[in-house]
$ cat structure_1.csv   # CSV, C-alpha atoms
chain,number,residue,atom,x,y,z
T,443,MET,CA,-45.5,0.8,-9.0
T,444,SER,CA,-47.2,-0.5,-5.9
T,445,GLY,CA,-49.2,-3.5,-4.7
T,446,LEU,CA,-48.9,-6.5,-7.0
T,447,ALA,CA,-46.3,-4.8,-9.3
T,448,GLU,CA,-43.9,-4.4,-6.3
T,449,SER,CA,-42.0,-7.6,-7.2
T,450,THR,CA,-41.1,-6.6,-10.8
T,451,GLU,CA,-38.1,-4.5,-11.8
T,452,GLN,CA,-38.7,-0.8,-11.9
T,453,VAL,CA,-37.9,0.0,-15.4
T,454,MET,CA,-37.1,3.6,-16.3
T,455,PHE,CA,-35.3,5.3,-19.1
T,456,LEU,CA,-33.3,8.4,-18.6
T,457,ASP,CA,-32.7,11.3,-20.9
T,458,PRO,CA,-29.4,11.0,-22.8
T,459,ALA,CA,-28.7,14.6,-22.0
T,460,ILE,CA,-28.1,13.5,-18.4
T,461,ARG,CA,-25.5,11.1,-19.7
T,462,ASN,CA,-23.8,13.7,-21.8
T,463,TRP,CA,-23.8,16.5,-19.3
T,464,VAL,CA,-23.4,14.8,-16.0
T,465,LEU,CA,-22.1,11.2,-16.2
T,466,PHE,CA,-19.2,11.9,-18.5
T,467,PRO,CA,-18.2,15.3,-17.1
T,468,ILE,CA,-18.0,14.0,-13.5
T,469,THR,CA,-15.6,11.1,-14.6
T,470,VAL,CA,-13.5,13.3,-16.8
T,471,ILE,CA,-13.2,16.0,-14.1
T,472,MET,CA,-12.2,13.5,-11.5
T,473,VAL,CA,-9.5,12.0,-13.8
T,474,LEU,CA,-8.2,15.4,-14.7
T,475,VAL,CA,-8.1,16.7,-11.1
T,476,GLY,CA,-6.3,13.5,-10.1
T,477,VAL,CA,-3.6,14.1,-12.7
T,478,PHE,CA,-3.4,17.7,-11.8
T,479,ARG,CA,-2.9,16.9,-8.1
T,480,HIS,CA,-0.2,14.4,-8.9
T,481,GLN,CA,1.8,16.9,-11.0
T,482,LEU,CA,1.3,19.6,-8.4
T,483,THR,CA,2.6,17.3,-5.6
T,484,ILE,CA,5.7,16.6,-7.7
T,485,LEU,CA,6.3,20.3,-8.1
T,486,MET,CA,5.7,21.1,-4.5
T,487,THR,CA,7.8,18.4,-2.9
T,488,GLY,CA,11.0,20.2,-2.2
T,489,GLU,CA,14.4,18.6,-1.9
T,490,PRO,CA,14.7,16.4,1.2
T,491,PRO,CA,17.0,18.1,3.6
T,492,LYS,CA,20.6,16.9,3.5
T,493,PRO,CA,21.3,15.0,6.7
T,494,ASP,CA,24.1,15.9,9.0
T,495,ILE,CA,27.0,13.4,8.9
T,496,ARG,CA,26.9,13.0,12.7
T,497,ASP,CA,23.3,12.0,12.4
T,498,ILE,CA,24.1,9.4,9.9
T,499,ARG,CA,27.0,8.1,11.9
T,500,GLN,CA,24.8,7.6,14.9
T,501,ALA,CA,22.3,5.6,13.0
T,502,LYS,CA,24.9,3.5,11.3
T,503,ALA,CA,26.7,2.7,14.5
T,504,LEU,CA,23.5,1.3,15.9
T,505,ILE,CA,22.9,-0.8,12.8
T,506,ARG,CA,26.5,-2.1,13.0
T,507,GLY,CA,25.7,-3.4,16.5
T,508,GLN,CA,22.5,-5.0,15.3
T,509,ILE,CA,24.3,-6.7,12.4
T,510,LEU,CA,27.0,-8.0,14.8
T,511,ALA,CA,24.3,-9.5,17.0
T,512,GLN,CA,22.4,-11.1,14.1
T,513,SER,CA,25.4,-12.5,12.2
T,514,ASN,CA,27.4,-13.8,15.0
T,515,SER,CA,27.4,-17.3,13.5
T,516,TYR,CA,29.6,-16.2,10.6
T,517,ILE,CA,32.7,-15.3,12.5
T,518,PRO,CA,34.8,-17.3,15.0
T,519,LEU,CA,34.6,-16.6,18.7
T,520,SER,CA,37.8,-14.6,18.9
T,521,SER,CA,36.7,-12.1,16.2
T,522,PHE,CA,33.3,-11.8,17.7
T,523,THR,CA,34.7,-11.0,21.1
T,524,GLU,CA,37.1,-8.4,19.7
T,525,ARG,CA,34.3,-6.6,17.9
T,526,LYS,CA,32.0,-6.9,20.8
T,527,LYS,CA,34.5,-5.3,23.1
T,528,PHE,CA,35.2,-2.5,20.7
T,529,LEU,CA,31.6,-1.6,20.1
T,530,CYS,CA,30.6,-1.9,23.7
T,531,SER,CA,33.3,0.4,24.9
T,532,ALA,CA,32.5,2.9,22.1
T,533,PHE,CA,28.8,2.9,23.1
T,534,GLU,CA,29.7,3.3,26.7
T,535,GLU,CA,31.9,6.3,26.0
T,536,GLY,CA,29.4,7.8,23.7
T,537,ASP,CA,31.9,8.0,20.8
T,538,TYR,CA,29.2,7.9,18.2
T,539,LEU,CA,26.9,10.3,19.7
T,540,LYS,CA,26.1,13.6,17.9
T,541,ASN,CA,26.8,15.7,20.9
T,542,LYS,CA,29.3,13.9,23.0
T,543,ASN,CA,29.2,16.6,25.7
T,544,ALA,CA,25.5,16.7,25.9
T,545,LYS,CA,25.3,13.0,26.6
T,546,ASP,CA,23.4,13.3,29.8
T,547,GLN,CA,21.0,16.1,28.8
T,548,SER,CA,17.4,15.5,28.1
T,549,PRO,CA,16.5,15.4,24.4
T,550,VAL,CA,16.1,18.6,22.6
T,551,ASN,CA,12.7,19.9,21.6
T,552,MET,CA,11.8,18.8,18.1
T,553,MET,CA,10.2,22.1,17.2
T,554,ALA,CA,13.3,24.2,17.7
T,555,ASP,CA,15.2,22.3,15.0
T,556,PRO,CA,14.8,24.3,11.7
T,557,LYS,CA,15.5,21.3,9.5
T,558,ASN,CA,12.6,19.3,10.9
T,559,MET,CA,10.2,22.2,10.5
T,560,GLU,CA,10.7,21.9,6.7
T,561,VAL,CA,10.0,18.2,6.7
T,562,MET,CA,6.8,18.7,8.8
T,563,MET,CA,5.6,21.6,6.6
T,564,ASP,CA,6.1,19.3,3.5
T,565,GLY,CA,4.0,16.6,5.1
T,566,MET,CA,1.2,19.1,6.0
T,567,LYS,CA,1.2,20.5,2.4
T,568,LYS,CA,0.8,17.0,1.0
T,569,GLN,CA,-2.1,16.4,3.4
T,570,MET,CA,-3.8,19.6,2.2
T,571,MET,CA,-3.2,18.6,-1.5
T,572,GLY,CA,-5.2,15.5,-0.7
T,573,ILE,CA,-8.1,16.8,1.3
T,574,VAL,CA,-9.0,20.0,-0.5
T,575,PRO,CA,-9.8,18.7,-4.0
T,576,GLN,CA,-12.0,16.0,-2.6
T,577,THR,CA,-14.0,18.4,-0.6
T,578,LEU,CA,-14.2,20.8,-3.5
T,579,ILE,CA,-15.5,18.2,-5.9
T,580,MET,CA,-18.0,16.9,-3.5
T,581,GLY,CA,-19.3,20.4,-2.9
T,582,TRP,CA,-19.4,21.1,-6.6
T,583,ILE,CA,-21.4,17.9,-7.3
T,584,GLN,CA,-23.8,18.6,-4.4
T,585,PHE,CA,-24.4,22.1,-5.7
T,586,PHE,CA,-24.9,21.5,-9.4
T,587,PHE,CA,-26.0,17.9,-9.7
T,588,SER,CA,-28.5,17.3,-7.0
T,589,GLY,CA,-32.1,16.5,-7.1
T,590,PHE,CA,-32.2,14.0,-9.9
T,591,ILE,CA,-31.5,10.4,-10.6
T,592,LEU,CA,-28.3,9.7,-12.5
T,593,ILE,CA,-27.8,6.0,-12.9
T,594,LYS,CA,-29.0,2.6,-11.9
T,595,LEU,CA,-26.7,0.3,-10.0
T,596,PRO,CA,-26.7,-3.2,-11.4
T,597,PHE,CA,-26.4,-4.7,-7.9
T,598,PRO,CA,-28.8,-4.3,-5.0
T,599,LEU,CA,-28.0,-2.6,-1.7
T,600,GLY,CA,-29.6,-2.5,1.6
T,601,LEU,CA,-32.3,0.0,2.5
T,602,ARG,CA,-30.1,1.9,4.8
T,603,PHE,CA,-28.1,3.2,1.8
T,604,LYS,CA,-31.2,4.7,0.3
T,605,GLN,CA,-30.9,7.9,2.3
T,606,MET,CA,-27.3,8.4,1.4
T,607,LEU,CA,-27.4,7.6,-2.2
T,608,GLN,CA,-30.7,9.2,-3.2
T,609,SER,CA,-30.0,12.3,-1.2
T,610,GLY,CA,-32.1,14.9,-3.0
T,611,ILE,CA,-35.1,12.9,-4.1
T,612,MET,CA,-38.2,12.4,-2.0
T,613,THR,CA,-39.7,9.2,-3.4
T,614,PRO,CA,-40.2,6.5,-0.8
T,615,ASN,CA,-41.0,3.7,-3.3
T,616,MET,CA,-38.1,4.0,-5.7
T,617,ASP,CA,-35.7,1.1,-5.7
T,618,VAL,CA,-32.3,1.7,-4.0
T,619,LYS,CA,-30.7,0.9,-7.2
T,620,TRP,CA,-31.6,4.2,-8.7
T,621,VAL,CA,-29.1,6.7,-7.3
T,622,SER,CA,-28.1,10.3,-7.5
T,623,SER,CA,-24.9,11.8,-8.7
T,624,LEU,CA,-23.1,11.7,-5.4
T,625,SER,CA,-23.0,8.0,-5.5
T,626,TRP,CA,-21.5,8.1,-9.0
T,627,TYR,CA,-18.8,10.3,-7.4
T,628,PHE,CA,-18.1,7.6,-4.8
T,629,ILE,CA,-18.1,4.8,-7.4
T,630,ASN,CA,-15.6,6.8,-9.4
T,631,LEU,CA,-13.5,7.6,-6.3
T,632,PHE,CA,-13.0,3.9,-5.7
T,633,GLY,CA,-12.8,2.7,-9.2
T,634,LEU,CA,-10.4,5.3,-10.8
T,635,ARG,CA,-7.4,4.2,-8.7
T,636,GLY,CA,-6.7,1.5,-11.3
T,637,VAL,CA,-6.8,4.1,-14.1
T,638,PHE,CA,-4.5,6.4,-12.2
T,639,SER,CA,-1.9,3.7,-11.8
T,640,LEU,CA,-2.1,3.0,-15.5
T,641,ILE,CA,-1.6,6.6,-16.5
T,642,LEU,CA,0.7,7.9,-13.8
T,643,GLY,CA,2.8,4.8,-13.0
T,644,GLY,CA,3.0,3.0,-9.7
T,645,GLU,CA,3.6,5.7,-7.1
T,646,ASN,CA,1.1,8.4,-7.8
T,647,SER,CA,-0.4,11.0,-5.5
T,648,ALA,CA,-3.9,11.0,-7.2
T,649,ASP,CA,-5.4,8.4,-4.8
T,650,GLY,CA,-8.4,9.6,-3.0
T,651,ILE,CA,-8.6,6.8,-0.6
T,652,ARG,CA,-5.1,7.0,0.7
T,653,ASP,CA,-5.8,10.6,1.7
T,654,MET,CA,-8.9,9.6,3.6
T,655,THR,CA,-7.0,7.0,5.6
T,656,ALA,CA,-4.2,9.5,6.0
T,657,MET,CA,-6.6,12.0,7.5
T,658,GLY,CA,-7.7,9.5,10.1
T,659,SER,CA,-4.2,8.6,11.2
T,660,MET,CA,-2.9,12.2,11.0
T,661,GLY,CA,-3.9,13.1,14.5
T,662,ALA,CA,-2.3,10.0,16.1
T,663,MET,CA,0.9,10.3,14.2
T,664,GLY,CA,1.6,14.0,14.9
T,665,GLN,CA,2.1,13.2,18.6
T,666,GLN,CA,4.6,10.4,18.2
T,667,SER,CA,7.0,11.8,15.6
T,668,GLY,CA,7.7,14.8,17.9
T,669,GLN,CA,10.1,12.8,20.1
T,670,PRO,CA,13.7,12.7,18.9
T,671,GLN,CA,15.4,9.4,19.3
T,672,ASP,CA,17.6,9.3,22.4
T,673,TYR,CA,20.6,7.6,21.0
T,674,ASN,CA,22.3,7.3,24.3
T,675,LYS,CA,19.6,5.1,25.7
T,676,LEU,CA,19.6,3.1,22.4
T,677,PHE,CA,23.3,2.6,22.6
T,678,MET,CA,23.1,1.3,26.1
T,679,ALA,CA,20.3,-1.1,25.2
T,680,MET,CA,22.4,-2.3,22.3
T,681,LYS,CA,25.4,-2.8,24.6
T,682,ASP,CA,23.3,-5.0,26.9
T,683,ASN,CA,22.0,-6.9,23.9
T,684,LEU,CA,25.5,-7.6,22.6
T,685,SER,CA,26.7,-8.8,26.0
T,686,ILE,CA,24.1,-11.5,26.3
T,687,VAL,CA,24.3,-12.8,22.7
T,688,TYR,CA,25.1,-16.5,22.7
T,689,HIS,CA,27.8,-17.0,20.1
T,690,GLU,CA,27.9,-20.2,18.0
T,691,TRP,CA,30.3,-20.4,15.1
T,692,ASP,CA,28.9,-22.2,12.1
T,693,LEU,CA,32.2,-23.7,11.3
T,694,ALA,CA,32.9,-25.0,14.8
T,695,ASN,CA,34.4,-28.5,14.6
T,696,ILE,CA,33.9,-28.5,10.8
T,697,GLU,CA,36.7,-31.0,10.2
T,698,GLN,CA,35.0,-33.6,12.4
T,699,ARG,CA,31.6,-32.8,10.9
T,700,VAL,CA,32.9,-33.5,7.4
T,701,PHE,CA,34.3,-36.8,8.6
T,702,VAL,CA,31.0,-37.8,10.2
T,703,LYS,CA,29.1,-36.9,7.1
T,704,TYR,CA,31.2,-39.2,4.9
T,705,GLY,CA,31.2,-42.0,7.4
T,706,LYS,CA,34.8,-41.9,8.4
T,707,GLN,CA,34.0,-41.1,12.0
T,708,SER,CA,31.2,-42.1,14.2
T,709,ARG,CA,30.4,-38.9,15.9
T,710,VAL,CA,31.7,-35.4,16.7
T,711,PHE,CA,33.9,-35.2,19.7
T,712,THR,CA,33.5,-31.7,21.2
T,713,SER,CA,36.3,-30.5,23.4
T,714,ALA,CA,35.9,-28.2,26.3
T,715,ALA,CA,38.0,-25.4,24.8
T,716,LYS,CA,36.6,-24.0,21.5
W,131,MET,CA,22.0,-20.4,10.1
W,132,ALA,CA,20.8,-17.7,7.9
W,133,ASP,CA,17.5,-16.2,7.6
W,134,THR,CA,19.4,-13.2,6.3
W,135,THR,CA,19.5,-15.1,3.0
W,136,GLU,CA,15.8,-14.7,2.9
W,137,LEU,CA,16.3,-10.9,2.9
W,138,TYR,CA,18.7,-11.0,0.1
W,139,LYS,CA,16.9,-13.5,-2.0
W,140,TYR,CA,14.8,-10.9,-3.9
W,141,PHE,CA,16.1,-8.0,-5.9
W,142,GLU,CA,13.7,-5.2,-4.8
W,143,PRO,CA,13.4,-3.2,-8.0
W,144,THR,CA,12.5,-6.2,-10.0
W,145,VAL,CA,9.9,-7.3,-7.5
W,146,GLN,CA,8.3,-3.8,-7.8
W,147,LEU,CA,8.3,-4.0,-11.6
W,148,ASN,CA,6.6,-7.4,-11.5
W,149,THR,CA,4.0,-6.1,-9.1
W,150,LEU,CA,3.3,-3.1,-11.3
W,151,ALA,CA,3.0,-5.2,-14.4
W,152,LEU,CA,0.6,-7.5,-12.6
W,153,SER,CA,-1.5,-4.6,-11.4
W,154,ASN,CA,-1.7,-3.2,-15.0
W,155,ILE,CA,-2.9,-6.6,-16.2
W,156,HIS,CA,-5.6,-6.6,-13.6
W,157,THR,CA,-6.8,-3.1,-14.4
W,158,LEU,CA,-7.0,-3.7,-18.1
W,159,THR,CA,-8.7,-7.1,-17.8
W,160,SER,CA,-11.2,-5.7,-15.2
W,161,TRP,CA,-12.1,-3.0,-17.7
W,162,GLY,CA,-12.7,-5.7,-20.4
W,163,VAL,CA,-14.7,-8.0,-18.1
W,164,GLY,CA,-16.7,-5.0,-16.7
W,165,THR,CA,-17.6,-3.9,-20.2
W,166,ALA,CA,-18.7,-7.5,-21.1
W,167,ALA,CA,-20.8,-7.7,-17.9
W,168,GLY,CA,-22.5,-4.4,-18.6
W,169,ILE,CA,-23.3,-5.1,-22.2
W,170,LEU,CA,-24.6,-8.5,-21.3
W,171,GLY,CA,-27.0,-7.0,-18.8
W,172,LEU,CA,-25.9,-9.0,-15.8
W,173,THR,CA,-27.3,-7.8,-12.6
W,174,GLY,CA,-26.9,-8.6,-8.9
W,175,TRP,CA,-25.2,-11.8,-8.0
W,176,ASN,CA,-24.8,-12.8,-11.6
W,177,GLY,CA,-22.4,-9.9,-12.1
W,178,PHE,CA,-20.2,-10.9,-9.1
W,179,ILE,CA,-20.2,-14.6,-10.1
W,180,PHE,CA,-19.1,-13.5,-13.6
W,181,PHE,CA,-16.3,-11.4,-12.0
W,182,LEU,CA,-15.1,-14.3,-9.9
W,183,ALA,CA,-15.2,-16.8,-12.7
W,184,ASN,CA,-13.1,-14.5,-14.9
W,185,TRP,CA,-10.8,-13.8,-12.0
W,186,ALA,CA,-10.1,-17.5,-11.7
W,187,VAL,CA,-9.5,-17.8,-15.4
W,188,ILE,CA,-7.2,-14.8,-15.5
W,189,SER,CA,-5.2,-15.9,-12.5
W,190,ALA,CA,-4.8,-19.3,-13.9
W,191,LEU,CA,-3.5,-17.8,-17.1
W,192,ILE,CA,-1.1,-15.6,-15.3
W,193,LEU,CA,0.2,-18.4,-13.2
W,194,PHE,CA,0.6,-21.0,-15.9
W,195,VAL,CA,1.5,-19.0,-19.0
W,196,LYS,CA,3.4,-15.9,-17.7
W,197,CYS,CA,4.9,-17.4,-14.6
W,198,GLU,CA,5.4,-20.8,-16.3
W,199,GLY,CA,4.0,-22.5,-13.3
W,200,LYS,CA,6.6,-21.2,-10.8
W,201,PRO,CA,5.2,-18.0,-9.3
W,202,SER,CA,7.7,-17.9,-6.5
W,203,VAL,CA,10.4,-17.0,-9.0
W,204,TYR,CA,8.6,-13.8,-9.9
W,205,PHE,CA,6.8,-12.8,-6.7
W,206,LYS,CA,7.6,-12.9,-3.0
W,207,SER,CA,4.6,-14.5,-1.6
W,208,SER,CA,3.6,-16.4,-4.8
W,209,PHE,CA,0.0,-17.4,-4.9
W,210,MET,CA,-1.5,-14.9,-2.6
W,211,ASP,CA,0.3,-12.0,-4.3
W,212,VAL,CA,-1.0,-13.0,-7.7
W,213,ALA,CA,-4.5,-13.9,-6.9
W,214,GLY,CA,-5.5,-12.8,-3.4
W,215,THR,CA,-4.3,-9.3,-2.7
W,216,PRO,CA,-5.3,-7.5,-5.8
W,217,LEU,CA,-8.8,-8.9,-5.7
W,218,PHE,CA,-10.5,-6.1,-3.9
W,219,ASN,CA,-9.0,-3.2,-5.9
W,220,THR,CA,-9.8,-5.0,-9.1
W,221,LEU,CA,-13.3,-5.5,-7.8
W,222,LEU,CA,-13.8,-1.8,-7.3
W,223,SER,CA,-12.6,-1.0,-10.9
W,224,TYR,CA,-14.9,-3.7,-12.2
W,225,VAL,CA,-17.9,-2.3,-10.4
W,226,LEU,CA,-17.2,1.2,-11.9
W,227,VAL,CA,-17.0,-0.1,-15.5
W,228,TRP,CA,-19.9,-2.5,-15.0
W,229,THR,CA,-22.2,0.2,-13.7
W,230,LEU,CA,-21.1,2.6,-16.5
W,231,MET,CA,-21.6,0.1,-19.4
W,232,HIS,CA,-24.9,-1.2,-18.0
W,233,ALA,CA,-26.2,2.3,-17.7
W,234,LEU,CA,-25.0,3.3,-21.2
W,235,VAL,CA,-26.6,0.3,-22.8
W,236,TYR,CA,-29.8,-0.2,-20.9
W,237,ILE,CA,-30.8,2.9,-19.0
W,238,TYR,CA,-30.2,5.7,-21.5
W,239,ASP,CA,-32.5,6.1,-24.5
$ encode --input "structure_1.csv" --output "structure tokens"
Amino acid sequence: MSGLAESTEQVMFLDPAIRNWVLFPITVIMVLVGVFRHQLTILMTGEPPKPDIRDIRQAKALIRGQILAQSNSYIPLSSFTERKKFLCSAFEEGDYLKNKNAKDQSPVNMMADPKNMEVMMDGMKKQMMGIVPQTLIMGWIQFFFSGFILIKLPFPLGLRFKQMLQSGIMTPNMDVKWVSSLSWYFINLFGLRGVFSLILGGENSADGIRDMTAMGSMGAMGQQSGQPQDYNKLFMAMKDNLSIVYHEWDLANIEQRVFVKYGKQSRVFTSAAK
Amino acid sequence: MADTTELYKYFEPTVQLNTLALSNIHTLTSWGVGTAAGILGLTGWNGFIFFLANWAVISALILFVKCEGKPSVYFKSSFMDVAGTPLFNTLLSYVLVWTLMHALVYIYD
């Protein structure tokens, strides 16, 4: 397998015992662990905490302001002005705030709120459910199935991958296509997502890749979600927003527009007063 | 005047159902195509060209037979949703099955 024969395919045959005892078991175990993880996640996810009505009212009041700003073209100017005045004064007074008296205090520390602790613990548990099986399976494969060639990839890869994919085997001349069991683990990891979505339906927790990406973003996200929303500031911002909205009623001068459309009038005469 | 009608144009549960059905189609066909590629003994670039050719045929079938030529009725971003986005995931499934079948037929005694 050197010199002139370098350009030909390296043809090898492998013992079928490898196929029976390594290839199939790895795939089967990965599928089963995925299903197991999915069911366990369903069991472990507790009831989401029931939100306080004042919390909901805060959020909905803000949304009401947004809808008014967005849909201003559907209502005539008088209605719009009425609503705008009502909402702005309510925001100013802090009518919708959870703690009207605590309006000027700085936001409460997130950690002290017992409800939020449960939510965060749930999130952490989910992360654990994702990471631990992956690590376990990888360790198991490294321990039991290392030091031999498992399979040949039908497609070529660069030489850099040789070290990663043929980890236990010290043969400098063997094609990169011949790989060890760890690479079969990776191929399965990527390829079984389709199978999981067939077996477990659309939203399933058996996805290995989503956990890997979640691990990466976990550090960044933990910092941001600790800040509670300061609704007072949000309300003030919405109030400013509403006061600068330019109102234009869709049905303004509609009678004249209809005439112009059917040719009975040459153009729309707008008056100064709407 | 209203880009809020854009928001209300699609009924969300039905869109999700359609997307799920589409993904099931893609998974099953990728298993079939991967088996064919493995058994045929395709290697290297031939395998990927085979995948892309089949992908084109299957996408055309989905668009013209199932969607009756009007994909925007069934999916939000029509063409890209049907043929562009699922490409990578299906490719990964295809590689798994292709490798498996190729090994079973040609590598093991």
$ interface_residues --input "structure_1.csv" --of "chain W" --to "chain T" --cutoff "7 Å" --atoms "only C-alpha atoms" --output "PyMOL selection string"
chain W and resi 150+154+157+173-174+222-223+226+229+233+237-239
$ atom_distance --input "structure_1.csv" --atom1 "atom CA of Leu158 of chain W" --atom2 "atom CA of Asn462 of chain T"
24.5 Å
$ atom_distance --input "structure_1.csv" --atom1 "atom CA of Glu697 of chain T" --atom2 "atom CA of Phe522 of chain T"
20.9 Å
$ residues_around --input "structure_1.csv" --residues "Asn176 of chain W" --least-positions-apart "4" --cutoff "12 Å" --atoms "all atoms listed in the file" --output "PyMOL selection string"
(chain T and resi 596-598) or (chain W and resi 167-168+170-172+180-183+228)
$ atom_distance --input "structure_1.csv" --atom1 "atom CA of Phe590 of chain T" --atom2 "atom CA of Gly610 of chain T"
7.0 Å
$ residues_around --input "structure_1.csv" --residues "segment 581-583 of chain T" --least-positions-apart "5" --cutoff "9 Å" --atoms "all atoms listed in the file" --output "PyMOL selection string"
chain T and resi 468+576+588+623-624+627
$ residues_around --input "structure_1.csv" --residues "Thr712 of chain T" --least-positions-apart "4" --cutoff "12 Å" --atoms "only C-alpha atoms" --output "ChimeraX atom specification"
/T:694-699,716
